[in-house]
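The file my_file.txt comes next; it holds compact mmCIF, C-alpha atoms.
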```
# COMPACT_ATOMS: atom_id res chain seq x y z
CA MET A 21 65.30 92.48 116.78
CA ALA A 22 63.83 95.93 117.39
CA LYS A 23 63.35 98.26 114.46
CA ASN A 24 65.47 101.38 114.32
CA PRO A 25 63.10 104.31 115.02
CA ASN A 26 65.44 106.71 113.20
CA VAL A 27 65.02 105.01 109.83
CA ILE A 28 62.72 107.00 107.55
CA LYS A 29 60.25 104.73 105.82
CA GLU A 30 59.71 105.47 102.16
CA PRO A 31 56.15 106.30 101.13
CA VAL A 32 54.28 103.69 99.13
CA PHE A 33 54.02 106.07 96.19
CA ASP A 34 57.83 106.42 96.03
CA ARG A 35 58.34 102.65 96.10
CA VAL A 36 55.79 102.17 93.34
CA PHE A 37 57.41 104.94 91.32
CA TYR A 38 60.87 103.35 91.66
CA ALA A 39 59.50 99.94 90.68
CA VAL A 40 57.73 101.29 87.58
CA THR A 41 60.81 103.30 86.59
CA PHE A 42 63.00 100.21 86.95
CA VAL A 43 60.66 98.15 84.77
CA ILE A 44 60.53 100.86 82.08
CA LEU A 45 64.32 101.24 82.03
CA LEU A 46 64.73 97.46 81.90
CA LEU A 47 62.40 97.27 78.90
CA LEU A 48 64.30 100.08 77.18
CA LEU A 49 67.55 98.22 77.83
CA VAL A 50 66.15 95.08 76.24
CA VAL A 51 64.83 97.02 73.23
CA ILE A 52 68.24 98.63 72.72
CA MET A 53 70.44 95.62 73.40
CA TYR A 54 68.49 92.85 71.70
CA PRO A 55 69.13 94.03 68.09
CA LEU A 56 72.86 94.10 68.84
CA TRP A 57 72.67 90.65 70.45
CA PHE A 58 70.68 89.28 67.52
CA VAL A 59 73.25 90.54 65.00
CA VAL A 60 76.06 88.80 66.90
CA MET A 61 74.06 85.56 67.20
CA ALA A 62 73.09 85.64 63.52
CA SER A 63 76.71 86.14 62.47
CA LEU A 64 77.63 82.93 64.35
CA SER A 65 74.73 80.84 63.07
CA ASP A 66 74.23 78.65 60.04
CA ALA A 67 72.81 80.50 57.05
CA GLN A 68 69.74 78.23 56.92
CA TYR A 69 68.60 79.19 60.43
CA VAL A 70 69.30 82.88 59.80
CA ASN A 71 67.06 82.97 56.74
CA ASN A 72 64.33 80.89 58.41
CA GLY A 73 64.09 83.40 61.25
CA THR A 74 64.44 80.77 63.98
CA ILE A 75 67.25 82.54 65.86
CA LEU A 76 66.13 84.38 68.97
CA LEU A 77 68.52 84.23 71.92
CA TYR A 78 71.39 81.94 70.96
CA PRO A 79 73.15 80.82 67.77
CA LYS A 80 72.04 77.73 65.91
CA GLY A 81 74.42 75.63 63.88
CA LEU A 82 77.43 77.47 65.32
CA THR A 83 79.83 78.42 62.54
CA TRP A 84 82.55 80.97 61.85
CA LEU A 85 82.04 80.77 58.11
CA GLY A 86 80.66 84.32 57.86
CA TYR A 87 83.75 85.78 59.52
CA GLU A 88 86.03 83.52 57.48
CA ARG A 89 84.49 84.79 54.25
CA THR A 90 84.69 88.39 55.47
CA PHE A 91 88.32 88.26 56.59
CA ALA A 92 89.37 86.17 53.59
CA ASN A 93 89.29 89.38 51.57
CA THR A 94 92.71 90.97 52.05
CA LYS A 95 91.25 94.40 51.31
CA ILE A 96 89.53 94.41 54.69
CA TRP A 97 92.86 94.79 56.51
CA THR A 98 93.78 97.70 54.26
CA GLY A 99 90.35 99.16 54.96
CA TYR A 100 90.92 98.80 58.70
CA GLY A 101 94.25 100.60 58.42
CA ASN A 102 92.76 103.41 56.34
CA THR A 103 89.81 103.84 58.69
CA ILE A 104 92.07 103.99 61.74
CA LEU A 105 94.26 106.56 59.99
CA TYR A 106 91.30 108.70 58.92
CA THR A 107 89.59 108.39 62.30
CA VAL A 108 92.62 109.16 64.47
CA GLY A 109 93.89 111.96 62.23
CA GLY A 110 90.48 113.54 61.74
CA THR A 111 89.60 113.27 65.42
CA VAL A 112 92.84 114.87 66.60
CA ILE A 113 92.71 117.73 64.09
CA GLY A 114 88.96 118.23 64.43
CA THR A 115 88.93 118.20 68.23
CA PHE A 116 91.84 120.64 68.47
CA CYS A 117 90.41 123.09 65.95
CA THR A 118 86.89 122.82 67.39
CA VAL A 119 88.00 123.51 70.97
CA VAL A 120 90.16 126.44 69.92
CA ALA A 121 87.40 127.93 67.75
CA GLY A 122 84.78 127.44 70.44
CA TYR A 123 86.92 129.06 73.11
CA VAL A 124 87.81 132.05 70.92
CA LEU A 125 84.16 132.63 70.04
CA SER A 126 83.23 132.52 73.75
CA ARG A 127 85.44 135.54 74.48
CA ASP A 128 83.57 138.82 74.81
CA ASP A 129 86.60 140.86 73.73
CA LEU A 130 86.79 139.26 70.27
CA PRO A 131 85.73 141.85 67.65
CA GLY A 132 82.85 140.71 65.45
CA THR A 133 81.91 137.65 67.53
CA GLY A 134 78.21 138.04 66.73
CA PHE A 135 78.81 138.33 62.99
CA ILE A 136 81.15 135.31 62.94
CA MET A 137 78.66 133.15 64.82
CA LYS A 138 75.84 134.20 62.50
CA ALA A 139 78.03 133.33 59.50
CA PHE A 140 78.75 129.90 60.99
CA VAL A 141 75.10 129.22 61.75
CA PHE A 142 74.17 130.32 58.22
CA THR A 143 76.29 127.48 56.81
CA MET A 144 74.28 124.97 58.88
CA TYR A 145 71.11 125.78 56.93
CA PHE A 146 72.45 126.83 53.53
CA GLN A 147 75.22 124.94 51.74
CA GLY A 148 76.73 125.04 48.29
CA GLY A 149 75.84 121.46 47.43
CA THR A 150 77.79 118.36 46.48
CA ILE A 151 78.66 119.33 42.89
CA PRO A 152 80.26 122.73 43.74
CA PHE A 153 82.10 121.02 46.60
CA TYR A 154 83.37 118.35 44.21
CA ILE A 155 84.58 121.01 41.77
CA LEU A 156 86.34 122.87 44.59
CA ILE A 157 88.12 119.74 45.79
CA ASN A 158 89.17 118.92 42.23
CA ASN A 159 90.56 122.43 41.66
CA LEU A 160 92.53 122.22 44.91
CA GLY A 161 94.18 118.99 43.71
CA LEU A 162 92.95 116.95 46.67
CA MET A 163 91.10 114.30 44.71
CA ASN A 164 91.99 110.72 45.61
CA THR A 165 94.21 111.69 48.57
CA ARG A 166 94.26 110.42 52.13
CA PHE A 167 94.77 113.96 53.40
CA LEU A 168 91.35 114.91 52.07
CA MET A 169 89.74 112.00 53.91
CA ILE A 170 91.30 113.24 57.15
CA ILE A 171 90.13 116.85 56.91
CA VAL A 172 86.92 116.55 54.87
CA SER A 173 84.56 116.44 57.85
CA CYS A 174 86.68 117.10 60.92
CA ILE A 175 84.94 120.38 61.87
CA THR A 176 81.21 121.03 62.22
CA VAL A 177 79.43 124.17 63.39
CA TYR A 178 77.33 122.17 65.85
CA ASN A 179 80.43 121.00 67.72
CA ILE A 180 81.83 124.54 67.78
CA ILE A 181 78.58 125.78 69.33
CA LEU A 182 78.81 123.06 72.01
CA VAL A 183 82.35 124.05 72.92
CA ARG A 184 81.44 127.75 72.89
CA SER A 185 78.57 127.13 75.31
CA PHE A 186 80.83 125.08 77.58
CA CYS A 187 83.58 127.70 77.68
CA ALA A 188 81.12 130.53 78.26
CA SER A 189 79.52 128.75 81.23
CA SER A 190 82.47 126.84 82.74
CA LEU A 191 85.49 129.10 82.19
CA PRO A 192 84.95 132.41 84.07
CA ARG A 193 86.50 135.58 82.72
CA ASP A 194 88.15 136.13 86.11
CA LEU A 195 90.35 133.10 85.41
CA TRP A 196 91.72 134.70 82.25
CA GLU A 197 92.19 138.06 83.95
CA ALA A 198 94.14 136.48 86.79
CA ALA A 199 96.31 134.53 84.35
CA SER A 200 96.96 137.59 82.16
CA ILE A 201 98.03 139.63 85.20
CA ASP A 202 100.67 136.97 85.85
CA GLY A 203 101.92 137.39 82.29
CA CYS A 204 100.13 134.46 80.68
CA SER A 205 99.68 134.78 76.92
CA ASN A 206 96.61 133.66 75.00
CA ILE A 207 98.33 130.61 73.54
CA ARG A 208 99.69 129.51 76.90
CA TYR A 209 96.29 130.04 78.50
CA VAL A 210 94.63 127.80 75.91
CA PHE A 211 97.10 124.94 76.37
CA GLN A 212 97.59 125.15 80.15
CA MET A 213 94.12 126.23 81.28
CA VAL A 214 91.44 125.72 78.65
CA PHE A 215 92.37 122.21 77.53
CA PRO A 216 92.89 120.74 81.04
CA LEU A 217 89.60 122.23 82.26
CA SER A 218 87.66 121.08 79.19
CA LYS A 219 88.21 117.31 79.40
CA ALA A 220 84.47 116.61 79.51
CA ILE A 221 83.57 118.51 76.34
CA ILE A 222 86.74 117.29 74.60
CA ALA A 223 85.67 113.69 75.23
CA VAL A 224 82.19 114.38 73.82
CA ILE A 225 83.51 116.15 70.71
CA ALA A 226 86.17 113.49 70.13
CA LEU A 227 83.56 110.72 70.33
CA TYR A 228 81.20 112.53 67.95
CA ILE A 229 83.97 113.08 65.40
CA ALA A 230 85.42 109.58 65.75
CA VAL A 231 82.06 107.86 65.25
CA GLY A 232 81.38 110.04 62.22
CA TYR A 233 84.72 109.12 60.64
CA TRP A 234 84.40 105.44 61.48
CA ASN A 235 80.98 105.20 59.82
CA SER A 236 81.82 107.48 56.89
CA TYR A 237 81.40 106.01 53.43
CA PHE A 238 79.82 108.75 51.27
CA TRP A 239 82.80 111.08 50.84
CA PRO A 240 85.26 108.23 50.16
CA MET A 241 82.83 106.89 47.57
CA ILE A 242 82.77 110.32 45.87
CA PHE A 243 86.40 111.39 46.10
CA LEU A 244 88.45 108.15 46.10
CA SER A 245 89.08 106.09 42.99
CA ASP A 246 92.06 104.12 44.37
CA THR A 247 90.68 101.03 46.13
CA SER A 248 93.79 100.83 48.33
CA LYS A 249 92.70 104.08 50.03
CA LEU A 250 89.10 103.07 50.76
CA PRO A 251 88.03 102.91 54.43
CA LEU A 252 86.50 99.86 56.08
CA GLN A 253 82.85 100.77 55.40
CA ASN A 254 83.41 100.98 51.65
CA VAL A 255 85.39 97.72 51.64
CA LEU A 256 82.58 95.94 53.49
CA ARG A 257 80.11 97.42 51.02
CA GLU A 258 82.09 95.90 48.16
CA ILE A 259 82.17 92.52 49.93
CA LEU A 260 78.40 92.56 50.30
CA LEU A 261 77.89 93.60 46.69
CA VAL A 262 80.16 90.81 45.47
CA ALA A 263 78.30 88.29 47.64
CA ASN A 264 74.95 89.41 46.21
CA MET A 265 76.29 89.36 42.65
CA ASN A 266 77.57 85.81 43.09
CA THR A 267 74.05 84.69 43.91
CA GLN A 268 72.98 85.86 40.45
CA ASP A 269 75.85 84.16 38.60
CA THR A 270 75.01 80.56 39.45
CA GLY A 271 73.43 79.77 36.09
CA THR A 272 70.43 77.49 36.27
CA ASP A 273 71.31 75.74 39.55
CA PRO A 274 68.58 76.85 42.01
CA VAL A 275 70.13 74.98 44.95
CA ALA A 276 73.45 76.80 44.56
CA ALA A 277 71.67 80.12 44.14
CA GLN A 278 69.68 79.57 47.34
CA ARG A 279 72.77 78.57 49.30
CA LEU A 280 74.71 81.61 48.15
CA GLN A 281 71.78 83.86 48.99
CA GLN A 282 71.70 82.42 52.50
CA MET A 283 75.45 82.88 52.85
CA ALA A 284 75.12 86.53 51.78
CA SER A 285 72.87 87.12 54.80
CA VAL A 286 75.43 85.65 57.19
CA ILE A 287 78.22 87.73 55.63
CA LYS A 288 76.02 90.81 56.07
CA TYR A 289 75.71 90.22 59.81
CA SER A 290 79.41 89.41 60.12
CA ALA A 291 80.28 92.66 58.35
CA ILE A 292 78.08 94.60 60.80
CA VAL A 293 79.91 93.09 63.77
CA VAL A 294 83.33 93.67 62.21
CA SER A 295 82.58 97.34 61.58
CA THR A 296 80.80 98.06 64.87
CA VAL A 297 82.72 96.30 67.65
CA PRO A 298 85.95 98.39 67.51
CA ILE A 299 84.21 101.74 67.93
CA ILE A 300 81.97 100.35 70.69
CA CYS A 301 85.06 99.23 72.63
CA VAL A 302 86.28 102.84 72.77
CA TYR A 303 83.23 104.13 74.66
CA PRO A 304 83.98 102.64 78.14
CA PHE A 305 87.30 104.49 78.27
CA ILE A 306 85.68 107.93 77.90
CA GLN A 307 82.32 107.18 79.54
CA LYS A 308 83.18 109.20 82.66
CA TYR A 309 83.83 112.36 80.66
CA PHE A 310 81.05 111.71 78.18
CA VAL A 311 78.35 111.65 80.89
CA GLN A 312 79.59 115.00 82.18
CA GLY A 313 79.94 116.66 78.79
CA VAL A 314 76.65 115.48 77.32
CA MET A 315 74.78 117.49 79.99
CA ILE A 316 76.17 120.78 78.67
CA GLY A 317 73.38 123.25 78.07
CA SER A 318 70.87 121.41 80.27
CA LEU A 319 68.87 123.18 82.97
CA LYS A 320 70.29 123.05 86.48
CA GLY A 321 68.09 123.17 89.51
```
Now that the file is in, can you turn its structure into structure tokens?
Amino acid sequence: MAKNPNVIKEPVFDRVFYAVTFVILLLLLVVIMYPLWFVVMASLSDAQYVNNGTILLYPKGLTWLGYERTFANTKIWTGYGNTILYTVGGTVIGTFCTVVAGYVLSRDDLPGTGFIMKAFVFTMYFQGGTIPFYILINNLGLMNTRFLMIIVSCITVYNIILVRSFCASSLPRDLWEAASIDGCSNIRYVFQMVFPLSKAIIAVIALYIAVGYWNSYFWPMIFLSDTSKLPLQNVLREILLVANMNTQDTGTDPVAAQRLQQMASVIKYSAIVVSTVPIICVYPFIQKYFVQGVMIGSLKG
């Protein structure tokens, strides 16, 4: 069969470059994915093999004991419910306020835009500290409330700057002028034009906020004294602490102490899987928008 003379043959340098790039990316994929794979395999393995370090690619002594011990604590379901409430509520409120603030600050006709942005950026470098913040929350009567957990970290200056940059570069002023000529108000323009055209940045901001809420444990540890309001991360922390304390309360029986210590390691890996898998499952649904939004601010050729 004769070769097609119209086919352009790739230079040897390009083929070598593609091959080297593929190998490098494959190695990076292995480096990133193997720790996650190891945690899952360790959570399904017998405690003896986990502590001996003999697990590499597949579980040994397959067992669900780590997950059984983790889910046996009824507080974990309450923690899941609290975390979902804090994450969904904080993400919705934070994303809405961040997009609105970013769009408003991108408008040239807003008086004092430069001063407001400088004031926002100032708070990124200089803060009042944890103790004054604690006193403020206590004076506002928000201590030990779920409402505080929803709003405590829903807005960050970094996210506002991202949205401001997106609106300034992707939403031309001519669009607002055309809409205003047709009688469109500012509020209607935000809901019918800004939000639909900002799906990419909204997905990025929502993911940033949701991951932050899902992994949050510091503020609940400071402001919540009611264990029924603790999120999942704090509940898992208590489970791990109890497991480690039990290893020290075995009296003089070294065999029991060793077995409990091994079991604590398996529970640790099970807790990591329990707390990580739900938020990872969300990413594929917003991947399309995330890839677009994460490139905001990059150089375009």
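The gap separating atom CA of Ala230 of chain A from atom CA of Pro298 of chain A is 11.3 Å, in Å to one decimal.
Of the residues listed (A:Gly232, A:Phe58, A:Ile44, A:Trp97), A:Phe58 shows the shortest atom-to-atom separation from Pro79 of chain A; distances use all atoms listed in the file.
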### Query
Can you list, as a PyMOL selection string, every protein, DNA or RNA residue that comes within 12 Å of Thr94 of chain A when you count all atoms listed in the file, leaving out same-chain residues fewer than 2 positions away?
chain A and resi 88-92+96-101+247-248+252+255-256+259
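Between atom CA of Gly73 of chain A and atom CA of Val297 of chain A the separation is 23.5 Å.
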### For atom CA of Tyr209 of chain A and atom CA of Tyr123 of chain A, the interatomic separation in Å (one decimal)
10.9 Å
### Task
Might you pull out every residue within 7 Å of segment 103-119 of chain A, with all atoms listed in the file counted and same-chain residues fewer than 2 positions away left off, and present them as number ranges by chain?
A: 99-101, 121-123, 169-171, 174-175, 179-180, 183, 222, 225-226, 229-230, 233-234, 251-252
Check which residues of segment 150-191 of chain A sit at most 10 Å from segment 135-140 of chain A using only C-alpha atoms, and return one row each with the closest pair of atoms and their distance in Å to one decimal, ordered by chain and rising number, as CSV.
```
residue,atom,partner,partner_atom,distance
A:Thr176,CA,A:Phe140,CA,9.3
A:Val177,CA,A:Phe140,CA,6.2
A:Tyr178,CA,A:Phe140,CA,9.2
A:Ile180,CA,A:Phe140,CA,9.2
A:Ile181,CA,A:Met137,CA,8.6
```
